[in-house]
$ cat final-v5.cif   # mmCIF, C-alpha atoms
data_entry
#
loop_
_atom_site.label_atom_id
_atom_site.label_comp_id
_atom_site.auth_asym_id
_atom_site.auth_seq_id
_atom_site.Cartn_x
_atom_site.Cartn_y
_atom_site.Cartn_z
CA MET V 389 9.77 -50.33 -17.87
CA THR V 390 12.81 -50.15 -20.03
CA ALA V 391 16.28 -51.41 -19.50
CA ASP V 392 17.48 -47.86 -18.86
CA SER V 393 15.26 -47.52 -15.81
CA PHE V 394 17.07 -50.21 -13.80
CA PRO V 395 20.06 -49.15 -11.72
CA GLY V 396 23.36 -50.01 -13.27
CA SER V 397 22.05 -50.34 -16.83
CA GLY V 398 22.63 -47.42 -19.10
CA ALA V 399 25.26 -44.87 -19.86
CA ALA V 400 24.74 -42.73 -16.79
CA PRO V 401 27.22 -43.20 -13.94
CA GLY V 402 24.58 -44.16 -11.36
CA GLY V 403 22.36 -45.94 -13.86
CA GLY V 404 18.80 -44.98 -14.67
CA VAL V 405 17.30 -42.38 -16.93
CA GLN V 406 18.82 -38.93 -16.79
CA ALA V 407 17.02 -35.68 -17.51
CA PRO V 408 18.09 -33.82 -20.61
CA ALA V 409 20.59 -31.04 -20.19
CA PRO V 410 19.03 -27.59 -19.61
CA PRO V 411 18.98 -25.32 -22.66
CA ALA V 412 21.81 -22.85 -22.97
CA PRO V 413 20.83 -19.26 -22.14
CA GLU V 414 20.44 -16.95 -25.10
CA PRO V 415 23.07 -14.24 -25.42
CA ALA V 416 22.05 -10.77 -24.26
CA GLY V 417 20.57 -8.57 -26.92
CA THR V 418 18.98 -11.32 -29.00
CA THR V 419 15.67 -11.43 -27.11
CA PRO V 420 13.37 -8.52 -27.93
CA ALA V 421 12.30 -6.46 -24.95
CA GLY V 422 8.52 -6.43 -24.64
CA ARG V 423 6.60 -3.23 -24.08
CA VAL V 424 6.28 -2.56 -20.38
CA LEU V 425 2.72 -1.60 -19.50
CA GLY V 426 2.10 1.08 -16.92
CA PHE V 427 -0.81 1.85 -14.65
CA ARG V 428 -2.69 3.81 -17.30
CA GLU V 429 -2.49 1.04 -19.91
CA LEU V 430 -3.63 -1.51 -17.36
CA SER V 431 -6.52 0.74 -16.35
CA GLU V 432 -7.48 1.23 -20.00
CA ARG V 433 -7.57 -2.53 -20.53
CA VAL V 434 -9.69 -3.16 -17.44
CA ILE V 435 -12.18 -0.44 -18.33
CA ALA V 436 -12.39 -1.54 -21.97
CA SER V 437 -12.96 -5.17 -20.99
CA ALA V 438 -15.68 -4.18 -18.51
CA ALA V 439 -17.34 -2.04 -21.17
CA ASP V 440 -17.23 -4.94 -23.65
CA ARG V 441 -18.45 -7.59 -21.21
CA TYR V 442 -21.23 -5.59 -19.59
CA PRO V 443 -22.97 -3.37 -22.17
CA TRP V 444 -25.79 -2.66 -19.68
CA LEU V 445 -23.42 -1.11 -17.12
CA PRO V 446 -23.77 2.54 -18.31
CA ARG V 447 -27.56 2.35 -17.92
CA VAL V 448 -27.25 1.02 -14.39
CA LEU V 449 -24.73 3.70 -13.44
CA MET V 450 -26.92 6.40 -14.98
CA GLY V 451 -29.85 5.11 -12.93
CA MET V 452 -27.74 5.22 -9.80
CA LEU V 453 -26.79 8.85 -10.53
CA ALA V 454 -30.49 9.65 -10.92
CA VAL V 455 -31.17 8.05 -7.53
CA PHE V 456 -28.34 10.06 -5.94
CA THR V 457 -29.69 13.29 -7.42
CA GLY V 458 -33.22 12.43 -6.33
CA THR V 459 -32.00 11.76 -2.82
CA CYS V 460 -30.39 15.19 -2.72
CA VAL V 461 -33.63 16.81 -3.86
CA VAL V 462 -35.63 14.91 -1.22
CA ALA V 463 -33.09 15.98 1.40
CA VAL V 464 -33.77 19.62 0.52
CA VAL V 465 -37.44 19.11 1.34
CA SER V 466 -36.83 17.10 4.50
CA ARG V 467 -34.10 19.37 5.91
CA LEU V 468 -35.67 22.62 4.69
CA SER V 469 -32.23 23.73 3.53
CA PRO V 470 -30.66 24.14 0.06
CA LEU V 471 -27.30 22.71 1.23
CA PRO V 472 -28.01 19.13 0.02
CA LEU V 473 -28.16 20.49 -3.55
CA ILE V 474 -24.43 21.27 -3.53
CA PRO V 475 -23.32 17.89 -5.00
CA VAL V 476 -26.01 17.87 -7.74
CA PRO V 477 -23.86 19.75 -10.33
CA LEU V 478 -21.11 17.17 -9.82
CA PHE V 479 -23.60 14.36 -10.41
CA VAL V 480 -24.65 16.14 -13.61
CA VAL V 481 -20.99 16.30 -14.71
CA ALA V 482 -20.64 12.59 -13.89
CA ALA V 483 -23.74 11.83 -15.99
CA TYR V 484 -22.24 13.84 -18.86
CA GLY V 485 -19.00 11.86 -18.66
CA LEU V 486 -20.92 8.59 -18.59
CA ARG V 487 -23.03 9.68 -21.56
CA GLN V 488 -19.92 10.58 -23.56
CA ALA V 489 -18.26 7.26 -22.67
CA ARG V 490 -21.09 5.27 -24.27
CA GLY V 491 -20.17 6.14 -27.84
CA VAL V 492 -16.38 5.96 -27.56
CA THR V 493 -14.44 3.08 -29.14
CA GLU V 494 -10.85 4.16 -28.42
CA ARG V 495 -9.44 3.00 -25.08
CA ARG V 496 -7.74 6.24 -24.13
CA GLN V 497 -10.87 8.35 -24.64
CA LEU V 498 -12.97 5.77 -22.81
CA PHE V 499 -10.55 5.93 -19.89
CA ASN V 500 -10.75 9.73 -19.79
CA TRP V 501 -14.56 9.82 -19.76
CA VAL V 502 -14.82 7.06 -17.15
CA LEU V 503 -12.22 8.90 -15.06
CA LEU V 504 -14.35 12.06 -15.25
CA PHE V 505 -17.40 10.04 -14.19
CA GLY V 506 -15.57 8.45 -11.26
CA VAL V 507 -13.90 11.60 -9.96
CA ALA V 508 -17.07 13.70 -10.23
CA THR V 509 -19.10 11.04 -8.41
CA MET V 510 -16.52 10.66 -5.63
CA VAL V 511 -16.21 14.41 -5.12
CA GLY V 512 -20.01 14.63 -5.02
CA PHE V 513 -20.14 12.05 -2.24
CA TRP V 514 -17.33 13.84 -0.44
CA LEU V 515 -19.37 17.06 -0.61
CA ILE V 516 -22.37 15.22 0.83
CA ALA V 517 -20.20 14.23 3.80
CA VAL V 518 -18.89 17.78 4.19
CA VAL V 519 -22.40 19.20 4.07
CA GLY V 520 -23.50 16.61 6.64
CA ARG V 521 -20.77 17.84 9.00
CA TRP V 522 -21.73 21.48 8.44
CA VAL V 523 -25.37 20.81 9.31
CA GLU V 524 -24.61 18.99 12.57
#
$ encode --input "final-v5.cif" --output "structure tokens"
Amino acid sequence: MTADSFPGSGAAPGGGVQAPAPPAPEPAGTTPAGRVLGFRELSERVIASAADRYPWLPRVLMGMLAVFTGTCVVAVVSRLSPLPLIPVPLFVVAAYGLRQARGVTERRQLFNWVLLFGVATMVGFWLIAVVGRWVE
């Protein structure tokens, strides 16, 4: 303990140690405005970091697309109808987008190829649901 920590000793009116005065705000215009990131830039960062952290991810996703396509082919045999083959071209497009994304180093191109992969896969699953409703 110091002498300033006792009440009544020190320069402060009530005694004790006083906190330093807060810093004065900087005048407007002197602080540089940082670049505001949007949804696309955030998405590019997330996709690029996932691609850097998990280099095995494209292989796993390609294997999953192969399983989805195989399931559609098996459904043709089990249902005796060609309707389950409707989403297969979309899975092929998704595989193409995933294949192209493997060799890309620029974030924007990587985002575009991964977006193609994601949209084609989702539309393929949506078509599976639509076909399932048609068959009922």
$ resolve_selection --input "final-v5.cif" --expression "the PyMOL selection byres ((chain V and resi 484-494) around 12)" --output "MDAnalysis selection string"
chainID V and resid 432:433 435:437 439:440 442:453 477:483 495:509
$ atom_distance --input "final-v5.cif" --atom1 "CA of Arg441 in chain V" --atom2 "CA of Val476 in chain V"
29.8 Å
$ resolve_selection --input "final-v5.cif" --expression "the PyMOL selection byres ((chain V and resi 515) around 12)" --output "MDAnalysis selection string"
chainID V and resid 460 471:479 508:514 516:522
$ atom_distance --input "final-v5.cif" --atom1 "CA of Val465 in chain V" --atom2 "CA of Val523 in chain V"
14.6 Å
$ atom_distance --input "final-v5.cif" --atom1 "CA of Leu430 in chain V" --atom2 "CA of Glu414 in chain V"
29.6 Å
